$ cat start_1.txt   # compact mmCIF, C-alpha atoms and all ligand atoms
# COMPACT_ATOMS: atom_id res chain seq x y z
CA MET A 686 -14.49 26.20 -40.80
CA THR A 687 -12.91 24.67 -37.69
CA GLY A 688 -13.58 27.00 -34.75
CA GLY A 689 -16.13 29.04 -36.70
CA PRO A 690 -16.04 31.40 -39.68
CA LEU A 691 -12.89 33.43 -40.34
CA VAL A 692 -14.01 37.04 -40.80
CA LEU A 693 -12.08 40.23 -41.48
CA GLY A 694 -13.77 43.42 -40.22
CA ILE A 695 -13.09 46.97 -41.40
CA GLU A 696 -13.99 50.05 -39.36
CA THR A 697 -13.62 53.62 -40.65
CA SER A 698 -16.59 55.52 -39.19
CA CYS A 699 -14.50 58.20 -37.46
CA ASP A 700 -10.75 58.68 -37.03
CA GLU A 701 -9.61 55.10 -36.45
CA THR A 702 -8.76 52.82 -39.37
CA GLY A 703 -9.46 49.46 -37.73
CA VAL A 704 -8.97 46.02 -39.24
CA GLY A 705 -9.77 43.03 -37.07
CA ILE A 706 -9.79 39.31 -37.76
CA VAL A 707 -11.97 36.91 -35.79
CA ARG A 708 -12.44 33.16 -36.06
CA GLY A 709 -15.87 32.38 -34.57
CA GLN A 710 -15.60 33.93 -31.10
CA ILE A 711 -11.79 34.12 -31.06
CA LEU A 712 -9.96 37.39 -31.73
CA LEU A 713 -6.91 36.77 -33.93
CA ALA A 714 -5.89 40.32 -34.85
CA ASP A 715 -6.84 43.88 -33.95
CA ALA A 716 -4.84 46.37 -36.04
CA VAL A 717 -5.70 50.05 -35.56
CA ALA A 718 -4.17 53.14 -37.18
CA SER A 719 -5.46 56.39 -35.70
CA SER A 720 -5.37 59.88 -37.21
CA VAL A 721 -6.27 61.44 -33.84
CA GLU A 722 -3.05 63.46 -33.65
CA GLU A 723 -3.84 65.16 -36.96
CA HIS A 724 -7.13 66.42 -35.49
CA ALA A 725 -5.87 67.45 -32.05
CA ARG A 726 -4.96 71.00 -33.03
CA PHE A 727 -8.50 71.56 -34.39
CA GLY A 728 -10.06 70.33 -31.13
CA GLY A 729 -12.27 67.84 -33.00
CA VAL A 730 -12.23 65.34 -35.85
CA VAL A 731 -11.97 67.01 -39.29
CA PRO A 732 -13.92 64.73 -41.69
CA GLU A 733 -11.80 65.42 -44.79
CA VAL A 734 -8.56 64.78 -42.89
CA ALA A 735 -9.98 61.55 -41.46
CA SER A 736 -11.03 60.27 -44.92
CA ARG A 737 -7.59 60.90 -46.42
CA ALA A 738 -5.92 59.19 -43.47
CA HIS A 739 -8.17 56.11 -43.96
CA LEU A 740 -7.22 55.98 -47.61
CA GLU A 741 -3.51 55.96 -46.75
CA ALA A 742 -3.75 53.57 -43.79
CA MET A 743 -6.19 51.02 -45.25
CA VAL A 744 -3.92 48.62 -47.15
CA PRO A 745 -1.04 48.66 -44.61
CA THR A 746 -3.54 48.03 -41.78
CA ILE A 747 -5.13 45.09 -43.63
CA GLU A 748 -1.66 43.65 -44.20
CA ARG A 749 -0.73 44.13 -40.55
CA ALA A 750 -3.92 42.39 -39.38
CA CYS A 751 -3.26 39.40 -41.66
CA ARG A 752 0.32 39.11 -40.36
CA GLU A 753 -0.84 39.37 -36.75
CA ALA A 754 -3.48 36.67 -37.29
CA GLY A 755 -1.20 34.47 -39.40
CA VAL A 756 -3.83 34.17 -42.13
CA ARG A 757 -3.95 34.94 -45.86
CA LEU A 758 -6.80 36.88 -47.46
CA ASP A 759 -7.67 33.70 -49.38
CA ASP A 760 -8.40 31.93 -46.10
CA LEU A 761 -11.22 34.34 -45.16
CA ASP A 762 -14.83 33.15 -45.13
CA ALA A 763 -16.34 36.66 -45.20
CA ILE A 764 -15.64 40.40 -45.06
CA ALA A 765 -17.53 42.71 -42.69
CA VAL A 766 -17.50 46.50 -42.74
CA THR A 767 -19.05 49.39 -40.83
CA ALA A 768 -21.78 50.73 -43.14
CA GLY A 769 -22.85 53.47 -40.66
CA PRO A 770 -23.46 55.56 -38.70
CA GLY A 771 -20.43 57.84 -38.89
CA LEU A 772 -18.70 60.43 -41.06
CA ALA A 773 -19.88 59.95 -44.66
CA GLY A 774 -16.51 60.32 -46.38
CA ALA A 775 -14.74 58.19 -43.81
CA LEU A 776 -17.33 55.40 -44.12
CA LEU A 777 -17.03 55.45 -47.93
CA VAL A 778 -13.32 54.56 -47.74
CA GLY A 779 -13.97 51.49 -45.59
CA VAL A 780 -17.01 50.36 -47.58
CA ALA A 781 -15.14 50.74 -50.90
CA ALA A 782 -12.17 48.77 -49.54
CA ALA A 783 -14.46 46.01 -48.23
CA LYS A 784 -16.35 45.76 -51.53
CA SER A 785 -13.07 45.50 -53.45
CA LEU A 786 -11.87 42.70 -51.18
CA ALA A 787 -15.19 40.86 -51.40
CA VAL A 788 -15.25 41.02 -55.20
CA ALA A 789 -11.57 40.15 -55.67
CA LEU A 790 -11.75 37.21 -53.26
CA GLY A 791 -15.27 36.10 -54.20
CA LYS A 792 -16.32 36.19 -50.52
CA PRO A 793 -19.63 37.38 -48.96
CA LEU A 794 -19.80 40.95 -47.65
CA TYR A 795 -21.65 42.06 -44.51
CA GLY A 796 -22.29 45.80 -44.09
CA VAL A 797 -22.96 46.25 -40.37
CA ASN A 798 -24.02 48.90 -37.87
CA HIS A 799 -21.19 50.47 -35.87
CA LEU A 800 -23.31 50.57 -32.72
CA ALA A 801 -24.29 46.90 -32.85
CA ALA A 802 -20.59 46.15 -33.40
CA HIS A 803 -19.72 48.00 -30.15
CA VAL A 804 -22.07 45.53 -28.43
CA ALA A 805 -20.93 42.41 -30.32
CA VAL A 806 -17.22 42.95 -29.58
CA ASP A 807 -17.70 41.63 -26.06
CA ILE A 808 -18.28 38.16 -27.55
CA VAL A 809 -14.55 37.83 -28.28
CA GLU A 810 -13.80 38.60 -24.66
CA HIS A 811 -16.64 37.04 -22.65
CA GLY A 812 -18.40 34.64 -25.02
CA LEU A 813 -21.89 34.67 -26.55
CA LEU A 814 -24.34 37.32 -25.34
CA ALA A 815 -27.30 36.52 -23.13
CA GLU A 816 -30.48 36.95 -25.18
CA PRO A 817 -31.94 39.38 -24.45
CA THR A 818 -29.38 41.70 -22.95
CA ILE A 819 -29.69 45.41 -22.14
CA ALA A 820 -26.87 47.45 -23.69
CA LEU A 821 -25.70 50.91 -22.66
CA LEU A 822 -23.81 52.33 -25.59
CA VAL A 823 -21.78 55.44 -24.84
CA SER A 824 -19.39 56.94 -27.37
CA GLY A 825 -18.32 60.22 -28.91
CA GLY A 826 -21.30 60.27 -31.25
CA HIS A 827 -23.95 58.23 -29.45
CA SER A 828 -25.50 57.49 -26.07
CA SER A 829 -28.22 54.89 -26.19
CA LEU A 830 -29.98 52.37 -24.03
CA LEU A 831 -30.84 49.30 -26.08
CA LEU A 832 -32.81 46.12 -25.62
CA VAL A 833 -30.93 43.49 -27.62
CA PRO A 834 -32.78 40.19 -28.17
CA ASP A 835 -30.30 39.25 -30.96
CA VAL A 836 -27.34 41.42 -31.89
CA THR A 837 -27.32 40.05 -35.46
CA HIS A 838 -30.82 41.29 -36.33
CA ASP A 839 -32.96 42.53 -33.45
CA VAL A 840 -31.78 45.66 -31.62
CA ARG A 841 -34.44 47.91 -30.06
CA SER A 842 -33.97 51.44 -28.81
CA LEU A 843 -35.23 52.24 -25.29
CA GLY A 844 -33.79 55.74 -25.18
CA SER A 845 -30.92 57.94 -26.27
CA THR A 846 -29.42 61.34 -25.73
CA ILE A 847 -31.63 64.27 -26.69
CA ASP A 848 -28.62 66.56 -27.20
CA ASP A 849 -24.90 65.79 -26.70
CA ALA A 850 -23.46 62.28 -26.58
CA ALA A 851 -21.69 61.33 -23.34
CA GLY A 852 -18.25 61.30 -25.01
CA GLU A 853 -18.95 64.65 -26.63
CA ALA A 854 -19.69 66.09 -23.16
CA PHE A 855 -16.38 64.66 -21.87
CA ASP A 856 -14.54 66.22 -24.82
CA LYS A 857 -16.19 69.64 -24.42
CA VAL A 858 -15.67 69.79 -20.66
CA ALA A 859 -12.04 68.74 -21.14
CA ARG A 860 -11.60 71.71 -23.45
CA VAL A 861 -13.09 74.08 -20.84
CA LEU A 862 -10.61 72.65 -18.32
CA GLY A 863 -7.67 73.11 -20.72
CA LEU A 864 -7.13 69.36 -21.24
CA PRO A 865 -6.07 67.94 -24.65
CA PHE A 866 -8.38 66.36 -27.28
CA PRO A 867 -9.92 63.82 -27.15
CA GLY A 868 -10.77 64.76 -23.60
CA GLY A 869 -12.43 61.64 -22.19
CA PRO A 870 -9.27 59.78 -21.18
CA HIS A 871 -7.74 63.00 -19.74
CA VAL A 872 -10.81 63.78 -17.62
CA ASP A 873 -10.74 60.16 -16.45
CA ARG A 874 -7.06 60.47 -15.48
CA VAL A 875 -7.18 63.82 -13.65
CA ALA A 876 -10.47 62.94 -11.92
CA THR A 877 -8.73 60.19 -9.94
CA GLU A 878 -7.00 62.98 -7.96
CA GLY A 879 -10.21 64.99 -7.46
CA ASN A 880 -13.16 65.16 -5.08
CA SER A 881 -16.29 64.02 -6.92
CA ALA A 882 -18.53 65.76 -4.35
CA PHE A 883 -16.78 69.13 -4.78
CA VAL A 884 -19.57 70.56 -7.00
CA ALA A 885 -23.09 69.11 -7.19
CA PHE A 886 -23.57 69.37 -10.97
CA PRO A 887 -27.08 68.69 -12.38
CA ARG A 888 -28.23 65.17 -13.31
CA GLY A 889 -30.04 65.65 -16.62
CA LEU A 890 -33.53 64.17 -17.17
CA THR A 891 -33.82 62.60 -13.73
CA SER A 892 -36.56 64.75 -12.14
CA GLY A 893 -40.04 63.25 -11.70
CA LYS A 894 -41.49 65.06 -14.72
CA ASP A 895 -38.52 64.22 -16.96
CA MET A 896 -38.58 60.58 -15.87
CA ALA A 897 -42.19 60.39 -17.05
CA ARG A 898 -41.37 61.72 -20.55
CA HIS A 899 -37.72 60.73 -20.97
CA ARG A 900 -37.37 57.67 -18.77
CA TYR A 901 -34.41 56.15 -20.64
CA ASP A 902 -33.19 59.26 -22.43
CA PHE A 903 -30.11 61.28 -21.55
CA SER A 904 -29.18 64.96 -21.74
CA PHE A 905 -25.66 66.24 -21.16
CA SER A 906 -25.84 69.68 -22.71
CA GLY A 907 -27.13 71.40 -19.53
CA LEU A 908 -24.41 69.72 -17.50
CA LYS A 909 -21.73 70.87 -19.92
CA THR A 910 -23.02 74.48 -19.75
CA SER A 911 -23.19 74.29 -15.99
CA VAL A 912 -19.52 73.23 -15.80
CA ALA A 913 -18.51 76.02 -18.21
CA ARG A 914 -20.42 78.64 -16.13
CA TRP A 915 -18.87 77.37 -12.91
CA VAL A 916 -15.36 77.59 -14.37
CA GLU A 917 -16.00 81.07 -15.86
CA ALA A 918 -17.27 82.41 -12.53
CA ARG A 919 -14.16 81.12 -10.85
CA GLU A 920 -11.91 82.71 -13.45
CA ARG A 921 -13.79 86.04 -13.25
CA ALA A 922 -13.24 86.07 -9.52
CA GLY A 923 -9.52 85.59 -10.19
CA GLU A 924 -9.50 82.30 -8.33
CA PRO A 925 -7.66 79.17 -9.54
CA VAL A 926 -9.83 76.44 -11.10
CA PRO A 927 -9.53 73.15 -9.19
CA VAL A 928 -9.32 71.08 -12.39
CA ALA A 929 -9.23 67.65 -10.74
CA ASP A 930 -12.22 68.42 -8.50
CA VAL A 931 -14.32 69.83 -11.36
CA ALA A 932 -13.38 66.89 -13.62
CA ALA A 933 -14.31 64.39 -10.89
CA SER A 934 -17.61 66.18 -10.10
CA PHE A 935 -18.57 66.36 -13.79
CA GLN A 936 -17.65 62.72 -14.37
CA GLU A 937 -19.68 61.69 -11.31
CA ALA A 938 -22.77 63.44 -12.70
CA VAL A 939 -22.47 61.68 -16.09
CA VAL A 940 -21.73 58.26 -14.63
CA ASP A 941 -24.47 58.54 -12.00
CA VAL A 942 -27.19 59.13 -14.63
CA LEU A 943 -25.85 56.53 -17.08
CA THR A 944 -25.69 53.74 -14.52
CA ARG A 945 -28.93 54.70 -12.77
CA LYS A 946 -30.94 54.54 -16.02
CA ALA A 947 -29.19 51.39 -17.26
CA VAL A 948 -30.01 49.51 -14.05
CA LEU A 949 -33.59 50.81 -14.17
CA ALA A 950 -33.96 49.58 -17.76
CA CYS A 951 -32.81 46.11 -16.70
CA GLN A 952 -35.20 46.04 -13.76
CA GLU A 953 -38.20 47.32 -15.68
CA HIS A 954 -37.65 44.92 -18.59
CA GLY A 955 -36.91 41.92 -16.38
CA VAL A 956 -33.46 41.51 -17.95
CA ASP A 957 -30.61 40.57 -15.63
CA HIS A 958 -27.74 41.11 -18.10
CA LEU A 959 -26.23 44.52 -18.84
CA LEU A 960 -23.49 45.20 -21.35
CA ILE A 961 -21.70 48.55 -21.54
CA GLY A 962 -19.85 49.44 -24.74
CA GLY A 963 -18.46 52.35 -26.77
CA GLY A 964 -15.50 54.65 -26.11
CA VAL A 965 -16.85 56.06 -22.83
CA ALA A 966 -17.14 52.49 -21.47
CA ALA A 967 -13.35 52.74 -21.07
CA ASN A 968 -14.00 55.22 -18.22
CA THR A 969 -12.69 53.97 -14.88
CA ARG A 970 -15.40 55.55 -12.76
CA LEU A 971 -18.19 54.33 -15.05
CA ARG A 972 -16.85 50.80 -14.82
CA ALA A 973 -16.59 50.94 -11.03
CA MET A 974 -20.02 52.48 -10.38
CA ALA A 975 -21.72 50.18 -12.91
CA GLN A 976 -20.19 47.16 -11.19
CA GLN A 977 -21.29 48.36 -7.77
CA ARG A 978 -24.88 49.11 -8.82
CA CYS A 979 -25.25 45.91 -10.86
CA ASP A 980 -23.96 43.82 -7.96
CA ALA A 981 -26.48 45.49 -5.65
CA ALA A 982 -29.32 44.84 -8.12
CA GLY A 983 -28.35 41.25 -8.96
CA ILE A 984 -27.53 42.15 -12.57
CA LEU A 985 -24.70 40.44 -14.44
CA LEU A 986 -22.48 43.15 -15.91
CA ARG A 987 -20.27 42.72 -18.98
CA MET A 988 -17.83 45.28 -20.31
CA PRO A 989 -15.18 44.71 -22.98
CA ARG A 990 -11.65 45.60 -21.88
CA PRO A 991 -10.96 49.34 -22.43
CA GLY A 992 -8.92 48.70 -25.62
CA LEU A 993 -11.95 47.06 -27.25
CA CYS A 994 -14.38 49.82 -26.12
CA THR A 995 -12.93 52.51 -28.39
CA ASP A 996 -13.35 52.11 -32.16
CA ASN A 997 -11.57 49.13 -33.73
CA GLY A 998 -11.97 46.55 -36.49
CA ALA A 999 -12.30 43.59 -34.13
CA MET A 1000 -15.81 44.70 -33.19
CA VAL A 1001 -16.88 44.65 -36.83
CA ALA A 1002 -15.28 41.24 -37.39
CA ALA A 1003 -16.96 39.94 -34.20
CA LEU A 1004 -20.41 41.00 -35.42
CA GLY A 1005 -19.70 39.69 -38.93
CA ALA A 1006 -18.68 36.29 -37.53
CA GLN A 1007 -21.94 36.11 -35.57
CA MET A 1008 -23.92 36.90 -38.72
CA VAL A 1009 -22.18 34.14 -40.66
CA SER A 1010 -22.60 31.69 -37.75
CA LYS A 1011 -26.32 32.45 -37.50
CA GLY A 1012 -26.76 31.97 -41.27
CA ARG A 1013 -27.75 35.56 -42.01
CA SER A 1014 -27.70 36.52 -45.70
CA ALA A 1015 -24.83 38.64 -46.97
CA SER A 1016 -25.41 42.29 -47.90
CA ALA A 1017 -25.82 43.29 -51.55
CA LEU A 1018 -22.64 44.49 -53.23
CA ASP A 1019 -24.21 47.88 -53.93
CA LEU A 1020 -24.75 48.48 -50.20
CA PRO A 1021 -24.57 52.16 -49.27
CA ALA A 1022 -22.54 53.90 -46.61
CA ASP A 1023 -25.25 55.42 -44.41
CA SER A 1024 -23.93 58.21 -42.18
CA SER A 1025 -27.17 58.30 -40.17
CA MET A 1026 -27.89 54.56 -40.09
CA PRO A 1027 -30.47 54.02 -37.30
CA VAL A 1028 -29.33 51.97 -34.32
CA THR A 1029 -32.17 49.51 -34.89
CA LEU A 1030 -30.88 48.56 -38.37
CA VAL A 1031 -28.12 46.03 -37.70
CA GLN A 1032 -27.25 45.25 -41.31
CA ALA A 1033 -27.16 47.39 -44.46
O1 LIG A 1101 -16.49 54.71 -29.54
P1 LIG A 1101 -15.49 55.78 -29.78
O2 LIG A 1101 -14.03 55.39 -29.86
O3 LIG A 1101 -15.83 56.58 -31.09
C1 LIG A 1101 -17.15 56.86 -31.44
O4 LIG A 1101 -17.82 55.94 -32.00
O5 LIG A 1101 -17.59 57.98 -31.12
O6 LIG A 1101 -15.68 56.86 -28.62
C2 LIG A 1101 -14.87 57.99 -28.52
C3 LIG A 1101 -15.30 58.81 -27.30
C4 LIG A 1101 -14.57 60.16 -27.20
O7 LIG A 1101 -15.54 61.17 -26.92
C5 LIG A 1101 -13.64 59.96 -26.03
O8 LIG A 1101 -13.35 61.15 -25.32
C6 LIG A 1101 -14.43 58.98 -25.17
O9 LIG A 1101 -15.00 58.09 -26.10
N1 LIG A 1101 -13.56 58.24 -24.24
C7 LIG A 1101 -13.67 58.34 -22.89
C8 LIG A 1101 -12.63 57.54 -22.34
N2 LIG A 1101 -11.95 56.97 -23.38
C9 LIG A 1101 -12.54 57.41 -24.53
N3 LIG A 1101 -14.53 59.03 -22.13
C10 LIG A 1101 -14.38 58.94 -20.79
N4 LIG A 1101 -13.41 58.21 -20.19
C11 LIG A 1101 -12.52 57.49 -20.93
N5 LIG A 1101 -11.57 56.76 -20.32
ZN ZN A 1102 -17.65 54.01 -31.76
$ encode --input "start_1.txt" --output "structure tokens" --more "lines below"
Ligand code: KG4
Ligand code: ZN
Amino acid sequence: MTGGPLVLGIETSCDETGVGIVRGQILLADAVASSVEEHARFGGVVPEVASRAHLEAMVPTIERACREAGVRLDDLDAIAVTAGPGLAGALLVGVAAAKSLAVALGKPLYGVNHLAAHVAVDIVEHGLLAEPTIALLVSGGHSSLLLVPDVTHDVRSLGSTIDDAAGEAFDKVARVLGLPFPGGPHVDRVATEGNSAFVAFPRGLTSGKDMARHRYDFSFSGLKTSVARWVEARERAGEPVPVADVAASFQEAVVDVLTRKAVLACQEHGVDHLLIGGGVAANTRLRAMAQQRCDAAGILLRMPRPGLCTDNGAMVAALGAQMVSKGRSASALDLPADSSMPVTLVQA
């Protein structure tokens, strides 16, 4: 095992069929096939369509990853797969593929948590994680603040969204503004031309009373409604909607709350390392404001490059490689796909 265990990771929790190969902390391949275009006309991911797309893309994507990495399946030390959370049917395709590989090759199988994998992926870019680290995980399905003493088996939840996930809010607001699905990257792009102080949208769960009850929780549903009402009022009055300004003002409200609570969590837990992961961590404004606030607070900030923030197989391989390196036991071959796997359960 020169350079650490060679692990292939499979990710199928949503609409990306991801197959990554990692040796220890080194990323060798990151092959992704996305069915996003098949969902665009529905304005959201259609589970059945996603599952079928995984089934078709799985073997070609595994082959592509092996070619990219220059390895043969026989060379692998272990297989890792997202066991949850995610779309049930989509997860089943990845888990079934991973079990088949593990049995055929006689290699150990690690069923891992998608959210822990979003955190672990940064290892292939910036090296081993500080222990503990605080992680802000923001994606289309989840928004959580985590205390992570050990990403391979000890992840603790400090707070999470009580309604919409951050990415979901981006996608819904994008739709209100007439931008394509998935909306996050489009809001990010048009917001660069806008004035973020144009509308003072609400900052959810930041008032004194809310901070007492929901210190590290998030809420984006009120913000989303507030943007929709603002746009409707404008349209009713027959006035043009300043899309860039609204996008920038909305984005500012989301990013302000996310970074404020993440820095607070670091300070109140005496942890000077923050990691931001998940699809929304690709957001330009989030990255800039997080850097600024962490610098001011003396916190060391780590963020994977945007391409590794959205769903991919490399993140699953990265977490699998850590599990093998730390001597964690493999999962049982009858491991389930758990669509609502709790964030605190790292391995199935
Ligand atoms: O982690 P991810 O790829 O899938 C889930 O596990 O959910 O996250 C997808 C989410 C989508 O809601 C998408 O709009 C959002 O991440 N996203 C962004 C950006 N890139 C992706 N949101 C804001 N700014 C971006 N640049
Ligand atoms: Zn994700």
$ atom_distance --input "start_1.txt" --atom1 "atom CA of Gly774 of chain A" --atom2 "atom CA of Ser1014 of chain A"
26.3 Å
$ atom_distance --input "start_1.txt" --atom1 "atom CA of Ala1017 of chain A" --atom2 "atom CA of Thr702 of chain A"
23.0 Å
$ residues_near_ligand --input "start_1.txt" --ligand "ligand ZN 1102 (chain A)" --cutoff "10 Å" --atoms "only C-alpha atoms and all ligand atoms" --output "list in words"
Glu696, Thr697, Ser698, Cys699, Asp700, Glu701, Pro770, Gly771, His799, Leu800, Ala801, Ala802, His803, Leu822, Val823, Ser824, Gly825, Gly826, His827, Gly852, Gly962, Gly963, Gly964, Val965, Cys994, Thr995, Asp996, Asn997 and Met1000 of chain A
$ closest_residue --input "start_1.txt" --among "A:Ala765, A:Ala1006, A:Ile961, A:Ile847" --to "Met988 of chain A" --atoms "all atoms listed in the file"
A:Ile961
$ closest_residue --input "start_1.txt" --among "A:Leu693, A:Phe866, A:Leu943, A:Gly1012" --to "Val721 of chain A" --atoms "all atoms listed in the file"
A:Phe866
$ residues_around --input "start_1.txt" --residues "Gly755 of chain A" --least-positions-apart "5" --cutoff "9 Å" --atoms "all atoms listed in the file" --output "MDAnalysis selection string"
chainID A and resid 713:714 750
$ write_last_selection --input "start_1.txt" --atoms "C-alpha atoms" --output "short mmCIF file (atom, residue, chain, number, x, y, z; two decimals), in the frame of the given file"
data_model
loop_
_atom_site.label_atom_id
_atom_site.label_comp_id
_atom_site.auth_asym_id
_atom_site.auth_seq_id
_atom_site.Cartn_x
_atom_site.Cartn_y
_atom_site.Cartn_z
CA LEU A 713 -6.91 36.77 -33.93
CA ALA A 714 -5.89 40.32 -34.85
CA ALA A 750 -3.92 42.39 -39.38
#
$ residues_around --input "start_1.txt" --residues "segment 757-760 of chain A" --least-positions-apart "3" --cutoff "8 Å" --atoms "only C-alpha atoms" --output "compact mmCIF listing (two decimals) with C-alpha atoms, in the frame of the given file"
# COMPACT_ATOMS: atom_id res chain seq x y z
CA LEU A 691 -12.89 33.43 -40.34
CA CYS A 751 -3.26 39.40 -41.66
CA LEU A 790 -11.75 37.21 -53.26
$ atom_distance --input "start_1.txt" --atom1 "atom CA of Val788 of chain A" --atom2 "atom CA of Gln1007 of chain A"
21.3 Å
$ closest_residue --input "start_1.txt" --among "A:Ser845, A:Gln1032, A:Gln936, A:Thr944" --to "ligand LIG 1101 (chain A)" --atoms "only C-alpha atoms and all ligand atoms"
A:Gln936
$ closest_residue --input "start_1.txt" --among "A:Asp1019, A:Asp849, A:Asp715, A:Glu722" --to "ligand LIG 1101 (chain A)" --atoms "only C-alpha atoms and all ligand atoms"
A:Asp849
$ axis_aligned_box --input "start_1.txt" --around "segment 912-928 of chain A" --padding-each-side "5 Å" --output "AutoDock Vina command-line options"
--center_x -14.0 --center_y 78.6 --center_z -13.3 --size_x 22.8 --size_y 25.0 --size_z 19.9
$ residues_around --input "start_1.txt" --residues "Thr1029 of chain A" --least-positions-apart "3" --cutoff "8 Å" --atoms "all atoms listed in the file" --output "list in words"
Asp839, Val840, Arg841 and Ser842 of chain A
$ closest_residue --input "start_1.txt" --among "A:Arg945, A:Gly893, A:Val926, A:Val1001" --to "Gln977 of chain A" --atoms "only C-alpha atoms"
A:Arg945
$ closest_residue --input "start_1.txt" --among "A:Ala1015, A:Ala973, A:Val939, A:Ile747" --to "Asp762 of chain A" --atoms "all atoms listed in the file"
A:Ala1015
$ build_atoms --input "start_1.txt" --residues "segment 941-954 of chain A" --atoms "N, CA and C atoms" --output "JSON list (two decimals), in the frame of the given file"
[["chain", "number", "residue", "atom", "x", "y", "z"],
["A", 941, "ASP", "N", -23.32, 58.79, -12.87],
["A", 941, "ASP", "CA", -24.47, 58.54, -12.00],
["A", 941, "ASP", "C", -25.73, 58.33, -12.85],
["A", 942, "VAL", "N", -25.97, 59.23, -13.81],
["A", 942, "VAL", "CA", -27.19, 59.13, -14.63],
["A", 942, "VAL", "C", -27.13, 57.90, -15.54],
["A", 943, "LEU", "N", -25.97, 57.67, -16.16],
["A", 943, "LEU", "CA", -25.85, 56.53, -17.08],
["A", 943, "LEU", "C", -26.15, 55.22, -16.37],
["A", 944, "THR", "N", -25.53, 55.03, -15.21],
["A", 944, "THR", "CA", -25.69, 53.74, -14.52],
["A", 944, "THR", "C", -27.07, 53.60, -13.90],
["A", 945, "ARG", "N", -27.61, 54.75, -13.39],
["A", 945, "ARG", "CA", -28.93, 54.70, -12.77],
["A", 945, "ARG", "C", -29.98, 54.26, -13.80],
["A", 946, "LYS", "N", -29.93, 54.86, -15.00],
["A", 946, "LYS", "CA", -30.94, 54.54, -16.02],
["A", 946, "LYS", "C", -30.71, 53.15, -16.62],
["A", 947, "ALA", "N", -29.47, 52.73, -16.71],
["A", 947, "ALA", "CA", -29.19, 51.39, -17.26],
["A", 947, "ALA", "C", -29.73, 50.31, -16.33],
["A", 948, "VAL", "N", -29.51, 50.49, -15.03],
["A", 948, "VAL", "CA", -30.01, 49.51, -14.05],
["A", 948, "VAL", "C", -31.54, 49.51, -14.05],
["A", 949, "LEU", "N", -32.13, 50.70, -14.13],
["A", 949, "LEU", "CA", -33.59, 50.81, -14.17],
["A", 949, "LEU", "C", -34.16, 50.08, -15.39],
["A", 950, "ALA", "N", -33.49, 50.25, -16.53],
["A", 950, "ALA", "CA", -33.96, 49.58, -17.76],
["A", 950, "ALA", "C", -33.93, 48.07, -17.58],
["A", 951, "CYS", "N", -32.88, 47.56, -16.96],
["A", 951, "CYS", "CA", -32.81, 46.11, -16.70],
["A", 951, "CYS", "C", -33.98, 45.68, -15.82],
["A", 952, "GLN", "N", -34.16, 46.42, -14.71],
["A", 952, "GLN", "CA", -35.20, 46.04, -13.76],
["A", 952, "GLN", "C", -36.59, 46.09, -14.40],
["A", 953, "GLU", "N", -36.85, 47.15, -15.14],
["A", 953, "GLU", "CA", -38.20, 47.32, -15.68],
["A", 953, "GLU", "C", -38.48, 46.42, -16.89],
["A", 954, "HIS", "N", -37.43, 45.85, -17.47],
["A", 954, "HIS", "CA", -37.65, 44.92, -18.59],
["A", 954, "HIS", "C", -37.39, 43.47, -18.17]]
